[in-house]
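Printed here is input-v9.txt (compact mmCIF, C-alpha atoms and all ligand atoms):
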# COMPACT_ATOMS: atom_id res chain seq x y z
CA MET L 155 17.90 -22.72 3.72
CA LEU L 156 20.86 -23.52 1.54
CA LYS L 157 23.44 -21.39 3.30
CA ASP L 158 27.02 -22.38 2.44
CA LYS L 159 25.85 -25.00 -0.08
CA ARG L 160 27.69 -24.99 -3.38
CA ILE L 161 25.66 -26.11 -6.37
CA LEU L 162 27.06 -26.83 -9.79
CA LEU L 163 24.14 -26.04 -12.07
CA ILE L 164 24.30 -27.51 -15.58
CA LEU L 165 21.86 -25.97 -18.05
CA THR L 166 21.32 -28.06 -21.16
CA GLY L 167 19.59 -27.00 -24.36
CA GLY L 168 15.85 -26.72 -24.10
CA ILE L 169 13.24 -23.99 -24.08
CA ALA L 170 12.95 -24.50 -20.29
CA ALA L 171 16.49 -23.09 -19.94
CA TYR L 172 14.89 -19.69 -19.34
CA LYS L 173 13.42 -21.10 -16.12
CA GLY L 174 16.99 -21.97 -15.16
CA LEU L 175 17.60 -18.23 -14.78
CA ASP L 176 14.85 -17.99 -12.16
CA LEU L 177 16.19 -21.14 -10.53
CA ILE L 178 19.59 -19.49 -10.11
CA ARG L 179 17.91 -16.54 -8.35
CA ARG L 180 15.86 -18.78 -6.07
CA LEU L 181 18.88 -20.87 -5.09
CA ARG L 182 20.94 -17.77 -4.34
CA GLU L 183 18.10 -16.15 -2.35
CA ARG L 184 18.35 -19.14 -0.03
CA GLY L 185 22.08 -18.69 0.44
CA ALA L 186 23.45 -21.22 -2.07
CA ALA L 187 26.47 -20.43 -4.25
CA VAL L 188 25.73 -21.41 -7.86
CA THR L 189 28.47 -22.28 -10.34
CA PRO L 190 26.86 -22.44 -13.78
CA VAL L 191 27.79 -24.69 -16.68
CA LEU L 192 26.21 -24.17 -20.10
CA THR L 193 26.20 -26.73 -22.88
CA ARG L 194 26.60 -25.46 -26.39
CA ALA L 195 22.91 -26.12 -27.07
CA ALA L 196 21.88 -24.24 -23.90
CA GLU L 197 23.62 -21.16 -25.28
CA GLN L 198 20.99 -21.12 -28.03
CA PHE L 199 18.35 -20.46 -25.35
CA VAL L 200 20.08 -18.33 -22.71
CA THR L 201 23.19 -16.21 -22.94
CA PRO L 202 26.33 -16.85 -20.88
CA LEU L 203 26.19 -13.19 -19.85
CA SER L 204 22.71 -13.40 -18.27
CA VAL L 205 23.56 -16.68 -16.55
CA SER L 206 26.81 -15.32 -15.17
CA ALA L 207 25.18 -12.05 -14.06
CA LEU L 208 22.49 -13.91 -12.11
CA ALA L 209 24.87 -16.48 -10.65
CA GLY L 210 27.48 -13.85 -9.76
CA GLU L 211 30.08 -16.35 -10.97
CA LYS L 212 31.97 -17.25 -14.09
CA VAL L 213 30.12 -19.52 -16.50
CA TYR L 214 31.87 -22.69 -17.55
CA ARG L 215 31.02 -23.36 -21.16
CA ASP L 216 30.87 -26.34 -23.33
CA LEU L 217 34.04 -25.42 -25.17
CA PHE L 218 36.76 -26.15 -22.71
CA ASP L 219 39.61 -23.69 -22.94
CA LEU L 220 43.02 -23.82 -21.44
CA THR L 221 42.34 -20.84 -19.16
CA ASP L 222 39.45 -22.72 -17.56
CA GLU L 223 41.59 -25.79 -17.17
CA ALA L 224 44.40 -23.77 -15.56
CA GLU L 225 41.99 -22.01 -13.15
CA MET L 226 40.03 -25.08 -12.17
CA GLY L 227 40.43 -28.45 -13.82
CA HIS L 228 37.24 -30.27 -14.77
CA ILE L 229 37.84 -32.96 -12.16
CA GLN L 230 38.07 -30.39 -9.40
CA LEU L 231 35.09 -28.44 -10.81
CA SER L 232 32.97 -31.58 -10.70
CA ARG L 233 33.93 -32.37 -7.14
CA SER L 234 33.99 -28.96 -5.48
CA ALA L 235 30.18 -28.79 -5.35
CA ASP L 236 27.85 -30.23 -2.69
CA LEU L 237 25.34 -31.09 -5.41
CA ILE L 238 25.28 -31.18 -9.21
CA LEU L 239 21.92 -30.07 -10.53
CA ILE L 240 20.95 -30.39 -14.19
CA ALA L 241 18.01 -28.14 -15.05
CA PRO L 242 16.73 -28.40 -17.64
CA ALA L 243 17.97 -31.90 -18.40
CA THR L 244 17.36 -32.91 -22.03
CA ALA L 245 16.78 -36.45 -23.25
CA ASP L 246 20.28 -36.20 -24.72
CA ILE L 247 22.08 -35.52 -21.43
CA MET L 248 20.09 -38.30 -19.75
CA ALA L 249 21.18 -40.68 -22.53
CA LYS L 250 24.80 -39.65 -22.10
CA MET L 251 24.57 -40.15 -18.34
CA ALA L 252 22.99 -43.56 -18.76
CA GLN L 253 25.76 -44.62 -21.13
CA GLY L 254 28.63 -42.98 -19.27
CA ARG L 255 29.69 -40.88 -22.25
CA ALA L 256 32.06 -37.94 -21.87
CA ASP L 257 32.07 -36.00 -25.12
CA ASP L 258 31.53 -32.47 -23.86
CA LEU L 259 32.15 -30.53 -20.66
CA ALA L 260 28.80 -31.34 -18.99
CA SER L 261 28.95 -35.09 -19.61
CA THR L 262 32.63 -35.19 -18.65
CA LEU L 263 31.89 -33.45 -15.36
CA LEU L 264 29.09 -35.90 -14.67
CA LEU L 265 31.31 -38.89 -15.33
CA ALA L 266 34.19 -37.51 -13.28
CA THR L 267 32.20 -36.65 -10.18
CA ASP L 268 31.55 -38.38 -6.90
CA THR L 269 29.08 -35.63 -5.89
CA PRO L 270 25.31 -36.36 -5.66
CA VAL L 271 23.44 -35.53 -8.88
CA MET L 272 19.87 -34.28 -9.33
CA VAL L 273 18.14 -33.83 -12.68
CA ALA L 274 15.01 -31.89 -13.68
CA PRO L 275 14.06 -33.32 -17.09
CA ALA L 276 12.35 -31.16 -19.72
CA MET L 277 11.41 -32.39 -23.16
CA ASN L 278 8.63 -33.03 -25.61
CA VAL L 279 6.05 -35.49 -24.28
CA ARG L 280 6.80 -38.13 -26.94
CA MET L 281 10.52 -37.93 -26.23
CA TRP L 282 9.77 -38.39 -22.52
CA ASP L 283 7.45 -41.35 -23.19
CA HIS L 284 9.88 -42.99 -25.61
CA ALA L 285 11.12 -46.38 -24.46
CA ALA L 286 14.75 -45.24 -24.80
CA THR L 287 14.24 -42.25 -22.47
CA GLN L 288 12.36 -44.39 -19.96
CA ARG L 289 15.19 -46.94 -20.10
CA ASN L 290 17.77 -44.19 -19.54
CA LEU L 291 15.66 -42.78 -16.70
CA ALA L 292 15.55 -46.15 -14.95
CA GLN L 293 19.31 -46.52 -15.47
CA ILE L 294 20.26 -43.14 -13.99
CA LYS L 295 17.84 -43.62 -11.08
CA GLY L 296 19.52 -46.94 -10.46
CA ASP L 297 22.87 -45.12 -10.48
CA GLY L 298 21.61 -42.97 -7.58
CA VAL L 299 20.55 -39.84 -9.47
CA THR L 300 17.56 -37.96 -7.96
CA VAL L 301 14.90 -36.98 -10.50
CA VAL L 302 12.53 -33.99 -9.99
CA GLY L 303 9.50 -33.85 -12.30
CA PRO L 304 8.75 -33.49 -15.11
CA ASN L 305 5.22 -32.15 -14.72
CA ASP L 306 2.17 -32.48 -16.90
CA GLY L 307 1.14 -29.38 -18.76
CA ASP L 308 0.93 -27.40 -21.97
CA MET L 309 4.27 -27.48 -23.67
CA ALA L 310 6.06 -24.90 -25.80
CA CYS L 311 5.71 -27.31 -28.76
CA GLY L 312 1.91 -27.15 -28.47
CA GLU L 313 1.39 -30.64 -27.04
CA PHE L 314 0.12 -31.58 -23.59
CA GLY L 315 1.46 -34.18 -21.18
CA PRO L 316 4.47 -35.04 -19.05
CA GLY L 317 7.70 -33.34 -20.09
CA ARG L 318 7.40 -29.83 -18.71
CA MET L 319 10.24 -29.02 -16.35
CA ALA L 320 9.32 -28.83 -12.65
CA GLY L 321 8.94 -25.24 -11.46
CA PRO L 322 11.99 -23.52 -9.97
CA LEU L 323 10.42 -23.60 -6.49
CA GLU L 324 9.72 -27.31 -6.76
CA ILE L 325 13.32 -27.89 -7.74
CA VAL L 326 14.50 -25.73 -4.84
CA ALA L 327 12.29 -27.76 -2.48
CA ALA L 328 13.87 -30.97 -3.78
CA VAL L 329 17.35 -29.50 -3.33
CA GLU L 330 16.48 -28.48 0.24
CA ALA L 331 15.00 -31.90 0.96
CA HIS L 332 18.24 -33.42 -0.33
CA PHE L 333 20.21 -31.47 2.28
CA GLY L 334 18.16 -32.84 5.15
CA PRO L 335 15.26 -32.21 7.47
CA ARG L 336 14.10 -28.65 7.90
CA PRO L 337 12.82 -26.97 11.06
CA LEU L 338 9.12 -27.09 10.10
CA THR L 339 9.11 -30.64 8.75
CA GLY L 340 5.99 -32.36 10.13
CA LYS L 341 4.29 -29.05 11.08
CA ARG L 342 1.04 -27.78 9.53
CA VAL L 343 0.60 -24.06 8.99
CA LEU L 344 -2.50 -22.33 7.67
CA VAL L 345 -2.03 -19.01 5.86
CA THR L 346 -4.74 -16.62 4.63
CA SER L 347 -3.83 -14.20 1.88
CA GLY L 348 -5.09 -11.69 -0.66
CA PRO L 349 -8.17 -9.49 -0.64
CA THR L 350 -11.76 -10.64 -0.45
CA HIS L 351 -14.38 -9.66 -2.99
CA GLU L 352 -17.80 -8.84 -1.60
CA PRO L 353 -20.47 -8.93 -4.29
CA ILE L 354 -22.89 -6.08 -4.93
CA ASP L 355 -24.56 -8.02 -7.73
CA PRO L 356 -23.35 -10.80 -10.06
CA VAL L 357 -20.95 -8.47 -11.92
CA ARG L 358 -19.85 -5.91 -9.33
CA TYR L 359 -17.99 -6.26 -6.07
CA ILE L 360 -16.24 -4.32 -3.32
CA ALA L 361 -12.55 -5.11 -2.90
CA ASN L 362 -9.28 -3.63 -1.62
CA ARG L 363 -5.76 -3.11 -2.94
CA SER L 364 -4.12 -6.19 -1.40
CA SER L 365 -2.04 -8.06 -4.02
CA GLY L 366 -1.50 -11.18 -1.90
CA ALA L 367 2.28 -10.72 -2.27
CA GLN L 368 3.17 -10.83 1.44
CA GLY L 369 0.94 -13.82 2.24
CA THR L 370 2.26 -15.73 -0.78
CA ALA L 371 5.88 -14.95 0.10
CA LEU L 372 5.24 -16.12 3.65
CA ALA L 373 3.66 -19.38 2.47
CA CYS L 374 6.69 -19.97 0.20
CA ALA L 375 9.06 -19.31 3.11
CA LEU L 376 7.13 -21.72 5.35
CA LEU L 377 7.22 -24.37 2.62
CA ASP L 378 10.95 -23.80 2.30
CA LEU L 379 11.34 -24.62 5.98
CA GLY L 380 9.46 -27.87 5.42
CA ALA L 381 5.94 -26.98 6.64
CA ALA L 382 2.79 -28.45 5.12
CA VAL L 383 0.93 -25.26 4.17
CA THR L 384 -2.79 -24.76 3.62
CA PHE L 385 -3.11 -21.52 1.69
CA VAL L 386 -6.55 -19.92 1.76
CA THR L 387 -6.52 -17.10 -0.75
CA GLY L 388 -8.90 -14.46 -2.01
CA PRO L 389 -8.62 -13.28 -5.62
CA ALA L 390 -4.98 -12.14 -5.53
CA ASP L 391 -2.70 -10.67 -8.22
CA VAL L 392 0.19 -13.04 -7.58
CA ALA L 393 0.11 -16.78 -8.32
CA PRO L 394 -0.32 -19.01 -5.27
CA PRO L 395 2.73 -20.86 -3.94
CA VAL L 396 3.74 -24.10 -5.61
CA GLY L 397 3.60 -26.99 -3.17
CA ALA L 398 0.87 -25.56 -0.90
CA ASP L 399 -2.63 -26.93 -0.54
CA VAL L 400 -4.38 -23.97 -2.20
CA VAL L 401 -8.01 -23.14 -1.37
CA ARG L 402 -9.46 -20.29 -3.45
CA VAL L 403 -12.28 -18.21 -2.04
CA GLU L 404 -13.93 -14.89 -2.85
CA THR L 405 -15.79 -13.59 0.17
CA ALA L 406 -14.97 -13.24 3.86
CA HIS L 407 -17.66 -15.79 4.73
CA GLN L 408 -16.14 -18.32 2.32
CA MET L 409 -12.68 -17.57 3.75
CA LYS L 410 -13.90 -18.28 7.27
CA ASP L 411 -15.41 -21.62 6.20
CA ALA L 412 -12.19 -22.58 4.39
CA VAL L 413 -10.06 -21.62 7.40
CA LEU L 414 -12.16 -23.70 9.79
CA ALA L 415 -12.02 -26.62 7.36
CA GLY L 416 -8.22 -26.19 7.19
CA LEU L 417 -7.75 -26.67 10.94
CA PRO L 418 -6.19 -28.19 12.97
CA ALA L 419 -2.85 -26.55 12.40
CA ASP L 420 0.23 -25.94 14.51
CA ALA L 421 0.21 -22.28 13.51
CA ALA L 422 -2.14 -19.99 11.60
CA VAL L 423 -1.11 -16.75 9.96
CA PHE L 424 -3.77 -14.29 8.83
CA ALA L 425 -2.20 -12.16 6.11
CA ALA L 426 -5.43 -11.66 4.15
CA ALA L 427 -6.94 -8.19 3.84
CA VAL L 428 -10.45 -9.31 4.68
CA ALA L 429 -13.26 -6.88 3.90
CA ASP L 430 -14.87 -5.71 7.14
CA TRP L 431 -18.31 -5.50 5.56
CA HIS L 432 -20.33 -7.19 2.87
CA VAL L 433 -23.30 -5.79 1.01
CA ALA L 434 -26.43 -6.90 2.83
CA GLY L 435 -28.82 -8.60 0.47
CA ALA L 436 -26.53 -8.49 -2.60
CA SER L 437 -28.68 -8.62 -5.68
CA ALA L 438 -28.96 -11.87 -7.61
CA HIS L 439 -29.50 -9.81 -10.78
CA LYS L 440 -27.40 -7.05 -12.27
CA LEU L 441 -28.54 -3.71 -10.86
CA LYS L 442 -29.85 -1.48 -13.66
CA LYS L 443 -29.68 2.28 -13.92
CA SER L 444 -33.02 3.65 -12.96
CA LYS L 445 -34.87 6.93 -13.20
CA ASP L 446 -35.85 6.39 -9.58
CA GLY L 447 -32.37 7.34 -8.37
CA LEU L 448 -29.13 5.72 -7.21
CA PRO L 449 -29.06 2.30 -5.58
CA ALA L 450 -28.64 2.44 -1.82
CA LEU L 451 -26.20 -0.18 -0.57
CA ALA L 452 -26.67 -1.44 2.95
CA PHE L 453 -23.71 -3.08 4.66
CA ALA L 454 -23.48 -5.88 7.19
CA GLU L 455 -20.45 -6.88 9.23
CA ASN L 456 -18.24 -9.77 8.14
CA PRO L 457 -17.00 -12.37 10.62
CA ASP L 458 -13.60 -11.54 12.10
CA ILE L 459 -11.77 -14.74 11.15
CA LEU L 460 -8.60 -13.98 13.08
CA ALA L 461 -10.47 -13.13 16.30
CA HIS L 462 -12.64 -16.22 15.92
CA VAL L 463 -9.66 -18.57 15.59
CA ALA L 464 -7.57 -16.78 18.23
CA GLN L 465 -10.41 -17.15 20.73
CA MET L 466 -11.28 -20.79 19.99
CA THR L 467 -11.33 -22.83 23.17
CA ASP L 468 -11.05 -26.11 21.33
CA GLY L 469 -8.53 -26.73 18.58
CA ARG L 470 -6.87 -23.30 18.64
CA PRO L 471 -3.55 -23.43 16.74
CA GLY L 472 -0.57 -23.19 19.10
CA LEU L 473 0.52 -19.95 17.45
CA VAL L 474 -1.93 -17.43 15.96
CA VAL L 475 -0.44 -14.54 14.01
CA GLY L 476 -2.38 -11.57 12.68
CA PHE L 477 -1.41 -8.67 10.45
CA ALA L 478 -2.42 -5.10 11.15
CA ALA L 479 -2.71 -2.73 8.23
CA GLU L 480 -2.66 0.76 9.71
CA THR L 481 -2.25 4.28 8.42
CA ASP L 482 -1.91 6.11 11.78
CA ASP L 483 -0.33 5.36 15.17
CA VAL L 484 0.81 2.03 13.79
CA VAL L 485 2.32 0.50 16.92
CA ALA L 486 -0.35 1.74 19.35
CA ASN L 487 -3.21 0.63 17.09
CA ALA L 488 -1.61 -2.72 16.37
CA THR L 489 -0.89 -3.37 20.04
CA ALA L 490 -4.54 -2.67 20.87
CA LYS L 491 -5.61 -4.89 17.95
CA ARG L 492 -3.51 -7.78 19.29
CA ALA L 493 -5.22 -7.56 22.68
CA ARG L 494 -8.69 -7.14 21.15
CA LYS L 495 -8.36 -10.12 18.83
CA GLY L 496 -6.51 -12.39 21.26
CA CYS L 497 -3.76 -13.45 18.85
CA ASP L 498 -0.19 -14.20 19.91
CA TRP L 499 1.64 -11.94 17.46
CA ILE L 500 0.68 -9.04 15.28
CA VAL L 501 2.73 -8.10 12.24
CA ALA L 502 2.04 -4.38 11.93
CA ASN L 503 2.63 -2.38 8.80
CA ASP L 504 2.01 1.15 7.67
CA VAL L 505 -0.13 1.04 4.56
CA SER L 506 -0.31 4.81 4.00
CA PRO L 507 -0.12 5.36 0.22
CA GLU L 508 3.26 7.17 0.49
CA THR L 509 4.91 4.01 1.91
CA GLY L 510 4.13 2.10 -1.31
CA ILE L 511 3.76 -1.06 0.80
CA MET L 512 0.27 -2.17 -0.18
CA GLY L 513 0.68 -3.69 -3.64
CA GLY L 514 4.45 -3.02 -3.60
CA SER L 515 7.41 -5.40 -3.29
CA GLU L 516 8.81 -4.16 0.03
CA ASN L 517 7.56 -4.07 3.58
CA ALA L 518 8.60 -2.46 6.85
CA ILE L 519 7.01 -4.23 9.79
CA THR L 520 6.86 -4.13 13.55
CA LEU L 521 6.43 -7.51 15.22
CA ILE L 522 4.26 -7.18 18.32
CA SER L 523 4.21 -10.00 20.83
CA ASP L 524 4.28 -10.58 24.59
CA ALA L 525 7.89 -9.44 24.44
CA GLY L 526 6.87 -5.97 23.14
CA ALA L 527 7.24 -4.20 19.78
CA GLU L 528 10.21 -5.04 17.56
CA GLY L 529 10.76 -2.80 14.53
CA TRP L 530 12.35 -4.47 11.48
CA PRO L 531 14.15 -2.45 8.80
CA ARG L 532 12.44 -2.03 5.43
CA MET L 533 13.23 -5.05 3.25
CA SER L 534 11.69 -7.08 0.43
CA LYS L 535 8.48 -8.97 1.19
CA ALA L 536 10.45 -12.18 0.51
CA ALA L 537 13.01 -11.22 3.17
CA VAL L 538 10.25 -10.33 5.69
CA ALA L 539 8.67 -13.70 4.91
CA ALA L 540 11.90 -15.65 5.38
CA ARG L 541 12.57 -13.97 8.72
CA LEU L 542 9.01 -14.41 9.94
CA ALA L 543 8.96 -18.08 8.89
CA GLN L 544 12.16 -18.65 10.85
CA ARG L 545 10.59 -16.98 13.91
CA ILE L 546 7.54 -19.22 13.55
CA ALA L 547 9.84 -22.25 13.34
CA ASP L 548 11.65 -21.12 16.51
CA ALA L 549 8.32 -20.66 18.32
CA LEU L 550 7.08 -24.13 17.31
CA ALA L 551 10.36 -25.89 18.09
N1 LIG L 601 -9.00 -10.15 9.76
C1 LIG L 601 -9.78 -11.29 9.69
N2 LIG L 601 -11.12 -11.18 9.44
C2 LIG L 601 -11.67 -9.97 9.26
C3 LIG L 601 -10.89 -8.80 9.33
C4 LIG L 601 -9.54 -8.92 9.57
O1 LIG L 601 -9.27 -12.39 9.85
N3 LIG L 601 -12.97 -9.89 9.01
C5 LIG L 601 -7.58 -10.29 10.09
C6 LIG L 601 -6.64 -9.89 9.00
O2 LIG L 601 -6.28 -10.99 8.19
C7 LIG L 601 -5.45 -9.39 9.79
C8 LIG L 601 -6.08 -8.81 11.04
O3 LIG L 601 -7.34 -9.41 11.15
O4 LIG L 601 -4.60 -10.43 10.19
C9 LIG L 601 -6.22 -7.34 11.09
O5 LIG L 601 -6.78 -6.82 9.93
P1 LIG L 601 -7.03 -5.27 9.78
O6 LIG L 601 -7.75 -5.01 8.52
O7 LIG L 601 -5.75 -4.52 10.03
O8 LIG L 601 -7.91 -5.00 11.04
P2 LIG L 601 -9.43 -4.93 11.25
O9 LIG L 601 -9.83 -6.03 12.17
O10 LIG L 601 -10.14 -4.87 9.96
O11 LIG L 601 -9.53 -3.57 12.07
P3 LIG L 601 -9.66 -2.07 11.56
O12 LIG L 601 -10.25 -2.13 10.18
O13 LIG L 601 -10.52 -1.47 12.58
O14 LIG L 601 -8.26 -1.51 11.58

As structure tokens, the full file:
Amino acid sequence: MLKDKRILLILTGGIAAYKGLDLIRRLRERGAAVTPVLTRAAEQFVTPLSVSALAGEKVYRDLFDLTDEAEMGHIQLSRSADLILIAPATADIMAKMAQGRADDLASTLLLATDTPVMVAPAMNVRMWDHAATQRNLAQIKGDGVTVVGPNDGDMACGEFGPGRMAGPLEIVAAVEAHFGPRPLTGKRVLVTSGPTHEPIDPVRYIANRSSGAQGTALACALLDLGAAVTFVTGPADVAPPVGADVVRVETAHQMKDAVLAGLPADAAVFAAAVADWHVAGASAHKLKKSKDGLPALAFAENPDILAHVAQMTDGRPGLVVGFAAETDDVVANATAKRARKGCDWIVANDVSPETGIMGGSENAITLISDAGAEGWPRMSKAAVAARLAQRIADALA
């Protein structure tokens, strides 16, 4: 959480500046106030209007005008923040920092400040590898600047290698780490997520409408609080969380094996929509249309992963949390499900089509525990995740 933290975010000119927009959102979601600064080159990639709209604050631009100076002088601007973050940081701004130059607003702020500085470099791989950049990098590190990334990957210029800016969530994690230990630091949490696919034959399968959004949001929220997260996911629509140990599976049987391999954990949260049945004797060959009639599919029960883990006598996680997807009598069914499975908490939600919850971006849950049923107002899946992660942290404290 970055509540009450003030971050001066300098965007410099690179194609990765568009990721700076997402970074602003992510920082603000966690409670930080973001004051943006755009260099003249950055304005070629993102507009002051979009940056200011996302930050909810005035943008300070490269061209210093007297109104800016009268409202907040550059010395005060550079010192009023808890952290100065440069993302993306070009080779040019790193060179200016290394040399102590002050020939535009961003470099002047950086020279005038006594606030901690973090940079997320982004540049072409050859520029990154160049001896001059590496020299500047060593210099600014020596001056106490924290460096996040860059990562390896395909680059906008068509080359591959180090130079791609760290993802917004990685940068947020570094910012949070900078502000100190978090409540789940040192704790391991296992999360299951997404649907499972149960094969009929090599090209067909039975699945469900789970997008994996709630499980992914929860894993992100747990990571934000400092947990080490093992994320066992079926074939989901949303990308898995950056920073988690991601284990991809397809079937319920594979998910069970991956979960058992992922233990021990301090807590385990079962957000996956696991298929209750698989096709018994799935065909190794594609089923063909036949004059002899329709294929008859026989089903067999899948293992109940949540019940298995909740009822382990040896190595059971201290806190076992299940989800209950219901369409009728949500609280009564979920309460019975909690008792039947033996888990500590059940997060119950109404997945009737008219709620738009399954596959949607919002959720309205009831948290069922020993203490009874607690209804939460409808909110975004990210907000449900943040609140649930905090409750998990409180329970493990
Ligand atoms: N679950 C599981 N393994 C299964 C089925 C479900 O781990 N084979 C977990 C889910 O991840 C979820 C919880 O059990 O946390 C409840 O899932 P849900 O589909 O609501 O319940 P079911 O056990 O399938 O019961 P029913 O279909 O009768 O409602």

Write out, as JSON lines, each residue of chain L that has an atom at most 9 Å from ligand LIG 601 (chain L), together with the closest pair of atoms and their distance in Å to one decimal, counting all atoms listed in the file, rows going by chain and rising number.
{"residue": "L:Thr346", "atom": "CA", "partner": "L:LIG601", "partner_atom": "O2", "distance": 6.8}
{"residue": "L:Ser347", "atom": "CA", "partner": "L:LIG601", "partner_atom": "O2", "distance": 7.5}
{"residue": "L:Gly348", "atom": "CA", "partner": "L:LIG601", "partner_atom": "O2", "distance": 9.0}
{"residue": "L:Ala406", "atom": "CA", "partner": "L:LIG601", "partner_atom": "N3", "distance": 6.5}
{"residue": "L:His407", "atom": "CA", "partner": "L:LIG601", "partner_atom": "N3", "distance": 8.7}
{"residue": "L:Met409", "atom": "CA", "partner": "L:LIG601", "partner_atom": "N2", "distance": 8.7}
{"residue": "L:Lys410", "atom": "CA", "partner": "L:LIG601", "partner_atom": "O1", "distance": 7.9}
{"residue": "L:Val423", "atom": "CA", "partner": "L:LIG601", "partner_atom": "O4", "distance": 7.2}
{"residue": "L:Phe424", "atom": "CA", "partner": "L:LIG601", "partner_atom": "O4", "distance": 4.2}
{"residue": "L:Ala425", "atom": "CA", "partner": "L:LIG601", "partner_atom": "O2", "distance": 4.7}
{"residue": "L:Ala426", "atom": "CA", "partner": "L:LIG601", "partner_atom": "O2", "distance": 4.2}
{"residue": "L:Ala427", "atom": "CA", "partner": "L:LIG601", "partner_atom": "O2", "distance": 5.2}
{"residue": "L:Val428", "atom": "CA", "partner": "L:LIG601", "partner_atom": "C3", "distance": 4.7}
{"residue": "L:Ala429", "atom": "CA", "partner": "L:LIG601", "partner_atom": "N3", "distance": 5.9}
{"residue": "L:Asp430", "atom": "CA", "partner": "L:LIG601", "partner_atom": "N3", "distance": 5.0}
{"residue": "L:Trp431", "atom": "CA", "partner": "L:LIG601", "partner_atom": "N3", "distance": 7.7}
{"residue": "L:Glu455", "atom": "CA", "partner": "L:LIG601", "partner_atom": "N3", "distance": 8.1}
{"residue": "L:Asn456", "atom": "CA", "partner": "L:LIG601", "partner_atom": "N3", "distance": 5.3}
{"residue": "L:Pro457", "atom": "CA", "partner": "L:LIG601", "partner_atom": "N3", "distance": 5.0}
{"residue": "L:Asp458", "atom": "CA", "partner": "L:LIG601", "partner_atom": "N3", "distance": 3.6}
{"residue": "L:Ile459", "atom": "CA", "partner": "L:LIG601", "partner_atom": "O1", "distance": 3.7}
{"residue": "L:Leu460", "atom": "CA", "partner": "L:LIG601", "partner_atom": "O1", "distance": 3.7}
{"residue": "L:Ala461", "atom": "CA", "partner": "L:LIG601", "partner_atom": "O1", "distance": 6.6}
{"residue": "L:His462", "atom": "CA", "partner": "L:LIG601", "partner_atom": "O1", "distance": 7.9}
{"residue": "L:Val463", "atom": "CA", "partner": "L:LIG601", "partner_atom": "O1", "distance": 8.4}
{"residue": "L:Val475", "atom": "CA", "partner": "L:LIG601", "partner_atom": "O4", "distance": 7.0}
{"residue": "L:Gly476", "atom": "CA", "partner": "L:LIG601", "partner_atom": "O4", "distance": 3.5}
{"residue": "L:Phe477", "atom": "CA", "partner": "L:LIG601", "partner_atom": "O4", "distance": 3.7}
{"residue": "L:Ala478", "atom": "CA", "partner": "L:LIG601", "partner_atom": "O7", "distance": 3.6}
{"residue": "L:Ala479", "atom": "CA", "partner": "L:LIG601", "partner_atom": "O7", "distance": 4.0}
{"residue": "L:Glu480", "atom": "CA", "partner": "L:LIG601", "partner_atom": "O7", "distance": 6.1}
{"residue": "L:Thr481", "atom": "CA", "partner": "L:LIG601", "partner_atom": "O14", "distance": 8.9}
{"residue": "L:Asn487", "atom": "CA", "partner": "L:LIG601", "partner_atom": "O14", "distance": 7.8}
{"residue": "L:Ala488", "atom": "CA", "partner": "L:LIG601", "partner_atom": "O7", "distance": 7.8}
{"residue": "L:Lys491", "atom": "CA", "partner": "L:LIG601", "partner_atom": "O11", "distance": 7.2}
{"residue": "L:Arg492", "atom": "CA", "partner": "L:LIG601", "partner_atom": "C9", "distance": 8.6}
{"residue": "L:Lys495", "atom": "CA", "partner": "L:LIG601", "partner_atom": "O3", "distance": 7.8}
{"residue": "L:Ile500", "atom": "CA", "partner": "L:LIG601", "partner_atom": "O4", "distance": 7.5}
{"residue": "L:Val501", "atom": "CA", "partner": "L:LIG601", "partner_atom": "O4", "distance": 8.0}
{"residue": "L:Ala502", "atom": "CA", "partner": "L:LIG601", "partner_atom": "O7", "distance": 8.0}
{"residue": "L:Asn503", "atom": "CA", "partner": "L:LIG601", "partner_atom": "O7", "distance": 8.7}

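Of the listed residues (L:Thr244, L:Ala412, L:Leu231, L:Leu163), L:Leu163 comes nearest to Val205 in chain L; the distances count all atoms listed in the file.
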
*Any idea what the distance is between CA of Leu372 in chain L and CA of Leu521 in chain L?*
14.5 Å

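When only C-alpha atoms are used to measure the gap to Gly334 in chain L, the shortest distance among L:Val357, L:Met272, L:Leu156, L:Ala171 belongs to L:Leu156.
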
*asked:* With all atoms listed in the file as the counted atoms, please give the residues lying no more than 10 Å from Thr287 in chain L, apart from itself and same-chain residues fewer than 4 positions off, as number ranges by chain.
replied: L: 244-246, 248-249, 252, 280-283, 291-293

Adding 6 Å on each side of the box along x, y and z that holds all listed atoms of range 457-462 of chain L, could you give its centre and edge lengths in Å to one decimal, as lines of an AutoDock Vina configuration file?
center_x = -12.8
center_y = -13.9
center_z = 13.5
size_x = 20.4
size_y = 16.7
size_z = 17.7

_Option closest in space to Lys535 in chain L, from L:Ala422, L:Ala367, L:Val386, L:Ala450 [counting all atoms listed in the file]_ = L:Ala367

*Long-range neighbours of Pro304 in chain L as a PyMOL selection string, 7 Å cut-off, only C-alpha atoms, 2 positions minimum in chain*: chain L and resi 274-276+302+306+316-320

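When only C-alpha atoms are used to compute distances to Pro531 in chain L, the closest of the residues L:Asp268, L:Glu183, L:Glu516, L:Asp468 turns out to be L:Glu516.
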
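Distance check against Leu376 in chain L using all atoms listed in the file: of L:Ala540, L:Arg215, L:Val474, L:Ala207, the minimum falls on L:Ala540.
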
*Which is closest to Tyr359 in chain L among L:Thr269, L:Thr262, L:Gln465, L:Thr405, if we use only C-alpha atoms?*
L:Thr405

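Separating CA of Asp216 in chain L from CA of Gln198 in chain L is a distance of 12.1 Å.
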